[in-house]
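Here is the file target_35.cif (mmCIF, C-alpha atoms).
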data_protein
loop_
_atom_site.label_atom_id
_atom_site.label_comp_id
_atom_site.auth_asym_id
_atom_site.auth_seq_id
_atom_site.Cartn_x
_atom_site.Cartn_y
_atom_site.Cartn_z
CA MET A 21 28.81 -11.59 -11.32
CA THR A 22 31.89 -13.78 -11.13
CA ASP A 23 34.78 -13.85 -13.57
CA ASP A 24 33.44 -16.99 -15.28
CA ALA A 25 30.99 -14.87 -17.32
CA PRO A 26 32.95 -12.15 -19.11
CA THR A 27 31.25 -9.88 -21.61
CA GLY A 28 30.34 -11.55 -24.90
CA LEU A 29 31.27 -15.10 -23.95
CA ALA A 30 28.64 -17.85 -24.24
CA ILE A 31 28.48 -19.77 -20.94
CA ALA A 32 26.48 -23.02 -20.77
CA LEU A 33 24.53 -23.03 -17.48
CA GLU A 34 22.65 -26.28 -18.07
CA PRO A 35 21.95 -28.43 -21.16
CA LEU A 36 19.19 -26.14 -22.47
CA VAL A 37 20.46 -22.75 -21.24
CA THR A 38 23.36 -20.55 -22.35
CA ARG A 39 24.12 -17.06 -21.02
CA ILE A 40 25.79 -14.13 -22.82
CA LEU A 41 26.57 -10.94 -20.86
CA ALA A 42 26.17 -7.59 -22.62
CA GLY A 43 28.74 -4.86 -22.11
CA ASN A 44 26.39 -2.36 -20.49
CA PRO A 45 27.38 -2.26 -16.79
CA SER A 46 25.88 0.51 -14.67
CA PRO A 47 24.72 1.15 -11.11
CA PHE A 48 21.32 -0.19 -12.19
CA THR A 49 22.32 -3.16 -14.39
CA ASN A 50 25.08 -4.60 -12.20
CA THR A 51 27.68 -5.98 -14.66
CA GLY A 52 25.23 -5.74 -17.57
CA THR A 53 22.18 -7.38 -19.10
CA GLN A 54 22.26 -11.16 -19.43
CA THR A 55 20.79 -12.61 -22.61
CA TYR A 56 19.80 -16.27 -22.50
CA LEU A 57 19.70 -18.80 -25.35
CA VAL A 58 17.31 -21.69 -24.75
CA GLY A 59 17.57 -24.92 -26.71
CA THR A 60 20.20 -26.90 -28.62
CA THR A 61 19.04 -27.75 -32.15
CA ASP A 62 16.82 -24.69 -32.45
CA LEU A 63 16.68 -21.76 -30.09
CA ALA A 64 14.79 -19.04 -28.29
CA VAL A 65 16.57 -15.83 -27.28
CA ILE A 66 15.39 -14.23 -24.03
CA ASP A 67 16.08 -10.50 -23.47
CA PRO A 68 18.32 -9.73 -26.46
CA GLY A 69 19.62 -6.67 -24.61
CA PRO A 70 20.85 -3.25 -25.71
CA ASP A 71 21.38 -2.25 -29.35
CA ASP A 72 25.12 -2.81 -29.11
CA PRO A 73 26.89 -4.19 -32.22
CA ASP A 74 29.40 -6.13 -30.11
CA HIS A 75 26.64 -7.82 -28.12
CA ILE A 76 24.61 -8.62 -31.24
CA ALA A 77 27.73 -10.10 -32.84
CA ALA A 78 28.33 -12.22 -29.73
CA LEU A 79 24.72 -13.49 -29.85
CA LEU A 80 25.01 -14.40 -33.53
CA ALA A 81 28.29 -16.21 -32.87
CA ALA A 82 26.64 -18.22 -30.09
CA ILE A 83 23.59 -18.97 -32.27
CA ASP A 84 26.03 -20.22 -34.93
CA GLY A 85 23.49 -20.52 -37.73
CA ARG A 86 20.93 -22.53 -35.80
CA PRO A 87 17.25 -21.68 -36.36
CA VAL A 88 15.85 -19.14 -33.89
CA ARG A 89 12.18 -19.80 -33.19
CA ALA A 90 11.52 -16.68 -31.12
CA ILE A 91 13.13 -13.57 -29.68
CA LEU A 92 11.45 -13.09 -26.31
CA CYS A 93 11.45 -9.85 -24.31
CA THR A 94 10.50 -9.71 -20.63
CA HIS A 95 9.78 -5.97 -20.82
CA THR A 96 10.66 -2.88 -22.85
CA HIS A 97 13.31 -1.04 -20.88
CA ARG A 98 16.21 -0.09 -23.12
CA ASP A 99 18.68 -2.50 -21.55
CA HIS A 100 16.46 -5.45 -22.53
CA SER A 101 14.71 -5.17 -25.92
CA PRO A 102 16.48 -2.78 -28.38
CA ALA A 103 18.71 -5.51 -29.89
CA ALA A 104 15.61 -7.43 -31.00
CA PRO A 105 15.16 -5.82 -34.47
CA ALA A 106 18.77 -6.38 -35.53
CA LEU A 107 18.67 -9.94 -34.24
CA ALA A 108 15.37 -10.57 -36.02
CA ALA A 109 16.79 -9.19 -39.26
CA ALA A 110 19.83 -11.47 -39.00
CA THR A 111 17.95 -14.65 -38.07
CA GLY A 112 14.44 -14.22 -39.48
CA ALA A 113 12.99 -14.93 -36.04
CA PRO A 114 9.79 -13.29 -34.81
CA ILE A 115 9.87 -10.91 -31.84
CA ILE A 116 7.48 -12.30 -29.24
CA GLY A 117 6.69 -11.67 -25.61
CA CYS A 118 5.66 -8.59 -23.68
CA ALA A 119 3.28 -5.96 -25.00
CA PRO A 120 4.62 -2.64 -26.29
CA LEU A 121 4.87 0.07 -23.67
CA VAL A 122 6.30 3.56 -24.02
CA LEU A 123 5.76 5.97 -21.17
CA ALA A 124 6.88 9.58 -21.07
CA ASP A 125 8.49 10.07 -17.69
CA ALA A 126 10.45 13.16 -16.73
CA GLY A 127 11.08 12.05 -13.17
CA PRO A 128 14.38 10.77 -11.76
CA ARG A 129 14.75 7.24 -13.06
CA ALA A 130 16.46 4.37 -11.29
CA ASP A 131 16.66 2.21 -14.39
CA ALA A 132 16.60 2.46 -18.17
CA SER A 133 13.98 4.36 -20.12
CA PHE A 134 11.46 2.63 -22.37
CA ASP A 135 12.29 1.28 -25.84
CA SER A 136 10.12 3.35 -28.18
CA ALA A 137 11.00 1.20 -31.22
CA TYR A 138 9.84 -2.12 -29.75
CA ALA A 139 7.29 -3.67 -32.13
CA PRO A 140 6.55 -7.34 -31.41
CA ASP A 141 5.21 -9.71 -34.02
CA ALA A 142 3.12 -11.37 -31.31
CA VAL A 143 2.28 -10.70 -27.65
CA LEU A 144 2.08 -13.55 -25.17
CA ALA A 145 -0.66 -13.65 -22.56
CA ASP A 146 -0.17 -15.32 -19.19
CA GLY A 147 0.13 -19.08 -19.72
CA GLU A 148 0.77 -18.96 -23.48
CA GLN A 149 3.72 -20.93 -24.79
CA VAL A 150 6.51 -20.94 -27.36
CA ALA A 151 8.18 -24.27 -28.14
CA GLY A 152 11.05 -25.76 -30.10
CA GLN A 153 12.86 -29.08 -30.26
CA GLY A 154 13.13 -30.29 -26.66
CA TRP A 155 12.06 -27.03 -24.99
CA THR A 156 8.87 -25.23 -24.02
CA LEU A 157 8.67 -21.70 -22.60
CA THR A 158 5.53 -20.53 -20.80
CA ALA A 159 4.79 -16.84 -20.24
CA VAL A 160 4.18 -15.87 -16.61
CA ALA A 161 2.70 -12.38 -16.29
CA THR A 162 4.48 -10.49 -13.48
CA PRO A 163 3.51 -6.81 -13.55
CA GLY A 164 5.01 -4.44 -11.01
CA HIS A 165 8.47 -3.40 -12.19
CA THR A 166 6.62 -2.48 -15.38
CA SER A 167 2.99 -3.16 -16.25
CA ASN A 168 4.01 -5.31 -19.25
CA HIS A 169 6.59 -7.50 -17.49
CA LEU A 170 6.70 -11.24 -18.25
CA CYS A 171 8.78 -14.07 -16.85
CA PHE A 172 9.35 -17.22 -18.90
CA ALA A 173 9.25 -20.73 -17.44
CA LEU A 174 11.32 -23.48 -19.06
CA GLU A 175 9.03 -26.45 -18.50
CA GLU A 176 11.65 -29.13 -19.17
CA SER A 177 14.11 -28.02 -16.48
CA GLY A 178 12.17 -26.00 -13.91
CA ALA A 179 14.09 -22.80 -14.61
CA LEU A 180 12.30 -19.44 -14.57
CA PHE A 181 13.75 -16.48 -16.46
CA THR A 182 12.77 -13.55 -14.24
CA GLY A 183 13.93 -10.48 -16.18
CA ASP A 184 13.91 -7.59 -13.71
CA HIS A 185 11.06 -8.89 -11.55
CA VAL A 186 13.53 -10.83 -9.40
CA MET A 187 17.22 -9.97 -9.72
CA GLY A 188 20.21 -11.79 -8.32
CA TRP A 189 22.09 -8.73 -7.05
CA SER A 190 19.62 -6.05 -5.91
CA THR A 191 16.01 -5.35 -5.14
CA THR A 192 13.79 -4.49 -8.10
CA VAL A 193 13.02 -0.91 -9.03
CA VAL A 194 9.30 -0.10 -8.70
CA ALA A 195 8.97 3.46 -9.99
CA PRO A 196 5.61 5.18 -10.58
CA PRO A 197 3.80 6.05 -12.73
CA ASP A 198 4.09 2.67 -14.49
CA GLY A 199 5.78 0.77 -11.68
CA ASP A 200 3.11 -0.41 -9.23
CA MET A 201 3.88 -1.70 -5.75
CA ALA A 202 0.58 -3.55 -5.29
CA ALA A 203 1.06 -5.32 -8.61
CA TYR A 204 4.67 -6.11 -7.75
CA MET A 205 3.73 -7.66 -4.41
CA ALA A 206 0.94 -9.67 -6.07
CA SER A 207 3.45 -10.93 -8.63
CA LEU A 208 5.80 -12.00 -5.85
CA ASP A 209 2.88 -13.92 -4.29
CA LYS A 210 2.27 -15.52 -7.68
CA LEU A 211 5.85 -16.78 -7.81
CA MET A 212 5.55 -18.06 -4.24
CA GLY A 213 2.75 -20.30 -5.45
CA ARG A 214 4.92 -21.82 -8.21
CA ALA A 215 6.49 -24.82 -6.48
CA GLN A 216 7.73 -26.14 -9.84
CA ASP A 217 10.40 -23.45 -10.26
CA ARG A 218 13.79 -24.97 -9.41
CA LEU A 219 15.86 -21.80 -9.80
CA TYR A 220 15.68 -18.34 -11.34
CA TYR A 221 17.80 -16.87 -14.10
CA PRO A 222 17.56 -13.07 -13.72
CA ALA A 223 18.57 -10.51 -16.33
CA HIS A 224 21.05 -9.04 -13.82
CA GLY A 225 23.04 -10.97 -11.25
CA GLU A 226 23.71 -14.61 -10.46
CA PRO A 227 21.13 -17.42 -10.66
CA VAL A 228 18.82 -17.54 -7.66
CA GLU A 229 18.78 -20.89 -5.91
CA ASN A 230 16.06 -21.75 -3.39
CA PRO A 231 13.86 -19.19 -5.15
CA ARG A 232 10.80 -19.32 -2.89
CA ARG A 233 12.89 -18.48 0.17
CA PHE A 234 14.48 -15.65 -1.82
CA VAL A 235 11.06 -14.29 -2.81
CA ARG A 236 9.90 -14.41 0.80
CA GLY A 237 12.91 -12.26 1.65
CA LEU A 238 12.03 -9.75 -1.07
CA ALA A 239 8.47 -9.48 0.17
CA GLY A 240 9.69 -9.10 3.75
CA HIS A 241 12.01 -6.27 2.72
CA ARG A 242 9.11 -4.40 1.11
CA LYS A 243 6.99 -4.89 4.22
CA GLN A 244 9.82 -3.47 6.32
CA ARG A 245 9.97 -0.39 4.09
CA GLU A 246 6.21 0.01 4.41
CA GLY A 247 6.52 -0.18 8.19
CA GLN A 248 9.25 2.47 8.14
CA ILE A 249 7.02 4.80 6.15
CA LEU A 250 4.08 4.38 8.53
CA ARG A 251 6.31 5.01 11.55
CA LEU A 252 7.74 8.16 9.98
CA LEU A 253 4.25 9.44 9.21
CA GLY A 254 3.37 8.83 12.83
CA GLU A 255 6.33 11.02 13.78
CA GLY A 256 5.12 13.81 11.51
CA VAL A 257 7.56 13.21 8.65
CA GLY A 258 5.21 13.80 5.73
CA THR A 259 7.13 14.45 2.50
CA VAL A 260 8.97 12.01 0.26
CA PRO A 261 12.34 13.85 0.41
CA ALA A 262 12.21 13.94 4.21
CA MET A 263 11.41 10.23 4.32
CA VAL A 264 14.32 9.44 1.98
CA GLU A 265 16.69 11.35 4.28
CA ARG A 266 15.56 9.21 7.22
CA MET A 267 15.23 5.87 5.42
CA TYR A 268 18.34 5.89 3.24
CA VAL A 269 21.05 7.14 5.58
CA GLY A 270 24.39 7.33 3.80
CA LEU A 271 22.92 6.98 0.31
CA ASP A 272 24.70 8.87 -2.46
CA PRO A 273 22.69 12.10 -2.83
CA ARG A 274 22.60 11.56 -6.58
CA LEU A 275 20.38 8.53 -5.93
CA HIS A 276 17.91 10.30 -3.65
CA GLY A 277 15.51 10.97 -6.52
CA ALA A 278 15.42 7.31 -7.46
CA ALA A 279 14.92 6.30 -3.81
CA GLY A 280 12.05 8.76 -3.66
CA ARG A 281 10.30 6.92 -6.49
CA SER A 282 10.36 3.74 -4.43
CA VAL A 283 8.96 5.57 -1.39
CA LEU A 284 6.25 7.08 -3.60
CA ALA A 285 5.32 3.62 -4.89
CA HIS A 286 4.78 2.46 -1.32
CA LEU A 287 2.76 5.58 -0.45
CA LEU A 288 0.49 5.15 -3.47
CA ASP A 289 -0.12 1.53 -2.50
CA LEU A 290 -0.85 2.52 1.12
CA SER A 291 -3.19 5.25 -0.11
CA ALA A 292 -5.14 2.78 -2.24
CA ARG A 293 -5.56 0.66 0.90
CA LYS A 294 -6.75 3.69 2.90
CA ARG A 295 -3.72 3.49 5.19
CA VAL A 296 -2.49 7.01 4.37
CA GLU A 297 -3.87 10.28 2.98
CA ARG A 298 -2.35 12.82 0.60
CA SER A 299 -2.63 16.58 0.34
CA GLY A 300 -0.45 17.86 -2.49
CA GLU A 301 3.11 16.79 -1.69
CA ASP A 302 2.29 16.06 1.96
CA TRP A 303 1.27 12.66 3.31
CA ARG A 304 -0.28 11.79 6.65
CA LEU A 305 -1.99 9.03 8.55
CA PRO A 306 -5.78 9.19 8.37
CA PRO A 307 -7.57 10.42 11.51
CA GLU A 308 -8.59 7.66 13.90
#
Go ahead and express the file in the form of C-alpha cells.
Amino acid sequence: MTDDAPTGLAIALEPLVTRILAGNPSPFTNTGTQTYLVGTTDLAVIDPGPDDPDHIAALLAAIDGRPVRAILCTHTHRDHSPAAPALAAATGAPIIGCAPLVLADAGPRADASFDSAYAPDAVLADGEQVAGQGWTLTAVATPGHTSNHLCFALEESGALFTGDHVMGWSTTVVAPPDGDMAAYMASLDKLMGRAQDRLYYPAHGEPVENPRRFVRGLAGHRKQREGQILRLLGEGVGTVPAMVERMYVGLDPRLHGAAGRSVLAHLLDLSARKRVERSGEDWRLPPE
C-alpha cells in the first residue's frame, strides 16, 4: 500500500468507488482491510471490516448521511465482517452477501478466525444483484479461501471486488478444513472466463490491473507448489512438516504451521484426484 491511502481517509479510486483503509495491519492483512463505498447519491459498503470504533467512525464520515442500500460482506473472517452490525445500526442498511459460516478450528491459522456474530438479513446466490442509483453489484461465488466467499462485480465500470480470493500483495490462504484447494482453483478458472472485468479491487493490497494475466500467475504458482509436493513424495518425503522444511526454506519458524495448512490443502486435493495416498500423518505416491 502506498502513502496515498492512510488509515481512515476516504480515497476516490474512480467515480463510483471510494476506499477506506482500516487500522488493522498484520502479517496476514498487509496494511489492513480495505472497505469500499460504491455509488454517489446512495451507497453500498463492501467489507465493512473489523469492529473498530475508529474505522466505523471513518466509514460514517465518508458516508456523510447518504442512504446506504446494502452492507455487503465477501466472507466472514473477523477482519472483514464484524463492523457490519454497528454500521447497520447507524445507517439502517441491511447486511447482505455471503452466507453465515462459523467453523471451530484449533489448528495454526494463517488468517483471521470466523465472525461468530455475523447474521445477514439476506444471502446472495451467484448472479444475484444489489442496485442503487447508477450502480449495480452482481455476486460472483468464489469458494476456496472460504466456502462462503463471494466477489462483487460493479457492472457499470468493470471493476470486481475480490475480497480475499485475489489479493494485491500476497497469495491467498487456503487452509483446511474449510479452505479447499480444488474449489479455489475452480474459482480462479471462473474469473479467467470473465473477460468483462477491467481490474480487481482486493480487500488487501493495491488494485490489480490486467487481472486475467494476474490470475494465470496465481494458478501457475499453485501448480508449481503441487509439482514440488509430488517430487518430494517421490523422494520419500512423506509428512507435512518435512515438506514445509524443504519447500519454505528461510521461512520464519513461527509461520511453519500456517505453511503446513497450505501444503495439506494441496495434498487433500491430490488425494481426491487419486494422485497421492494417505496413511495417518504419512503421505505417499500410489503404487504404479
Problem set entry | Exercise: Asp141 of chain A partners within 10 Å, all atoms listed in the file, chain neighbours under 5 positions left out, as a VMD selection string | chain A and resid 90 to 91 113 to 117 119
When the PyMOL selection byres ((chain A and resi 295) around 12) is applied to the file above, which residues end up in the set, as an mmCIF file with C-alpha atoms, keeping the file's coordinate frame?
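Just written: part38.cif:
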data_model
loop_
_atom_site.group_PDB
_atom_site.id
_atom_site.type_symbol
_atom_site.label_atom_id
_atom_site.label_comp_id
_atom_site.auth_asym_id
_atom_site.auth_seq_id
_atom_site.Cartn_x
_atom_site.Cartn_y
_atom_site.Cartn_z
ATOM 1 C CA GLU A 246 6.210 0.010 4.410
ATOM 2 C CA GLY A 247 6.520 -0.180 8.190
ATOM 3 C CA ILE A 249 7.020 4.800 6.150
ATOM 4 C CA LEU A 250 4.080 4.380 8.530
ATOM 5 C CA ARG A 251 6.310 5.010 11.550
ATOM 6 C CA LEU A 253 4.250 9.440 9.210
ATOM 7 C CA GLY A 254 3.370 8.830 12.830
ATOM 8 C CA HIS A 286 4.780 2.460 -1.320
ATOM 9 C CA LEU A 287 2.760 5.580 -0.450
ATOM 10 C CA LEU A 288 0.490 5.150 -3.470
ATOM 11 C CA ASP A 289 -0.120 1.530 -2.500
ATOM 12 C CA LEU A 290 -0.850 2.520 1.120
ATOM 13 C CA SER A 291 -3.190 5.250 -0.110
ATOM 14 C CA ALA A 292 -5.140 2.780 -2.240
ATOM 15 C CA ARG A 293 -5.560 0.660 0.900
ATOM 16 C CA LYS A 294 -6.750 3.690 2.900
ATOM 17 C CA VAL A 296 -2.490 7.010 4.370
ATOM 18 C CA GLU A 297 -3.870 10.280 2.980
ATOM 19 C CA ARG A 298 -2.350 12.820 0.600
ATOM 20 C CA TRP A 303 1.270 12.660 3.310
ATOM 21 C CA ARG A 304 -0.280 11.790 6.650
ATOM 22 C CA LEU A 305 -1.990 9.030 8.550
ATOM 23 C CA PRO A 306 -5.780 9.190 8.370
ATOM 24 C CA PRO A 307 -7.570 10.420 11.510
ATOM 25 C CA GLU A 308 -8.590 7.660 13.900
#
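Distances here use only C-alpha atoms; by that measure, the residue among A:Ala103, A:Met212, A:Leu219, A:Met205 closest to Asp72 of chain A is A:Ala103.
Minimum distance to Glu226 of chain A across A:Thr162, A:Ser190, A:Gln149, A:Gln244 (counting only C-alpha atoms) occurs at A:Ser190.
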Problem set entry | Selection dump of the PyMOL selection byres ((chain A and resi 30-45) around 6), as a PyMOL selection string | chain A and resi 27-29+46+49-59+75
Exercise. How would you write, as a ChimeraX atom specification, the residues chosen by the PyMOL selection byres ((chain A and resi 102) around 7) on this structure?
Worked result: /A:69-71,98,100-101,103-105,135,138
Seminar exercise, completed: Nearest to Leu275 of chain A, restricted to all atoms listed in the file and choosing among A:Phe48, A:Asp217, A:Thr259, A:Val150, comes out as A:Phe48
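From atom CA of Ser207 of chain A back to atom CA of Asp146 of chain A, the distance works out to 12.0 Å.
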For this session: Enter the distance from atom CA of Arg236 of chain A to atom CA of Gln216 of chain A, in Å, rounded to one decimal.
Result: 16.0 Å
For this session: Could you check which of A:Met187, A:Gly199, A:Ala64, A:Met267 is closest to Leu174 of chain A, using only C-alpha atoms?
Result: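 For Leu174 of chain A, the nearest of the candidates is A:Ala64.
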Exercise. Please, what distance in Å, to one decimal, runs between atom CA of Ala285 of chain A and atom CA of Pro140 of chain A?
Worked result: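 A separation of 28.7 Å between them.
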For segment 260-275 of chain A, I'd like the enclosing box, axis-aligned and padded by 4 Å on every side, reported as lines of an AutoDock Vina configuration file with centre and edge lengths in Å to one decimal.
center_x = 16.8
center_y = 9.9
center_z = 0.3
size_x = 23.7
size_y = 16.1
size_z = 21.8
For this session: Tell me which of A:Val260, A:Leu211, A:Leu123, A:Ala206 sits closest to His276 of chain A, counting all atoms listed in the file.
Result: A:Val260
Problem set entry | Near-Phe172 of chain A list (9 Å; only C-alpha atoms; drop same-chain fewer than 6 positions) as a list of chain:residue names | A:Ile66, A:Leu92, A:Thr94, A:Gln149, A:Leu157, A:Thr158, A:Ala159, A:Val160, A:Ala161, A:Ala179, A:Leu180, A:Phe181, A:Thr182, A:Gly183
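Using all atoms listed in the file, the protein and nucleic acid residues lying no more than 9 Å from Ala239 of chain A, apart from those fewer than 4 places from it along its own chain, are Met205, Leu208, Asp209, Phe234, Val235, Lys243 and Gln244 of chain A.
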Exercise. Quick one: of A:Asp67, A:Asp200, A:Glu148, A:Glu229, who's nearest to Gly188 of chain A, counting only C-alpha atoms?
Worked result: A:Glu229
Name all residues at most 12 Å from Pro261 of chain A (count all atoms listed in the file; drop same-chain ones fewer than 5 positions away) and give them as a PDB file with C-alpha atoms, in the frame of the given file.
ATOM      1  CA  ILE A 249       7.020   4.800   6.150  1.00  0.00           C
ATOM      2  CA  ARG A 266      15.560   9.210   7.220  1.00  0.00           C
ATOM      3  CA  MET A 267      15.230   5.870   5.420  1.00  0.00           C
ATOM      4  CA  TYR A 268      18.340   5.890   3.240  1.00  0.00           C
ATOM      5  CA  PRO A 273      22.690  12.100  -2.830  1.00  0.00           C
ATOM      6  CA  LEU A 275      20.380   8.530  -5.930  1.00  0.00           C
ATOM      7  CA  HIS A 276      17.910  10.300  -3.650  1.00  0.00           C
ATOM      8  CA  GLY A 277      15.510  10.970  -6.520  1.00  0.00           C
ATOM      9  CA  ALA A 278      15.420   7.310  -7.460  1.00  0.00           C
ATOM     10  CA  ALA A 279      14.920   6.300  -3.810  1.00  0.00           C
ATOM     11  CA  GLY A 280      12.050   8.760  -3.660  1.00  0.00           C
ATOM     12  CA  ARG A 281      10.300   6.920  -6.490  1.00  0.00           C
ATOM     13  CA  SER A 282      10.360   3.740  -4.430  1.00  0.00           C
ATOM     14  CA  VAL A 283       8.960   5.570  -1.390  1.00  0.00           C
ATOM     15  CA  LEU A 284       6.250   7.080  -3.600  1.00  0.00           C
ATOM     16  CA  GLU A 301       3.110  16.790  -1.690  1.00  0.00           C
ATOM     17  CA  ASP A 302       2.290  16.060   1.960  1.00  0.00           C
ATOM     18  CA  TRP A 303       1.270  12.660   3.310  1.00  0.00           C
TER      19      TRP A 303
END
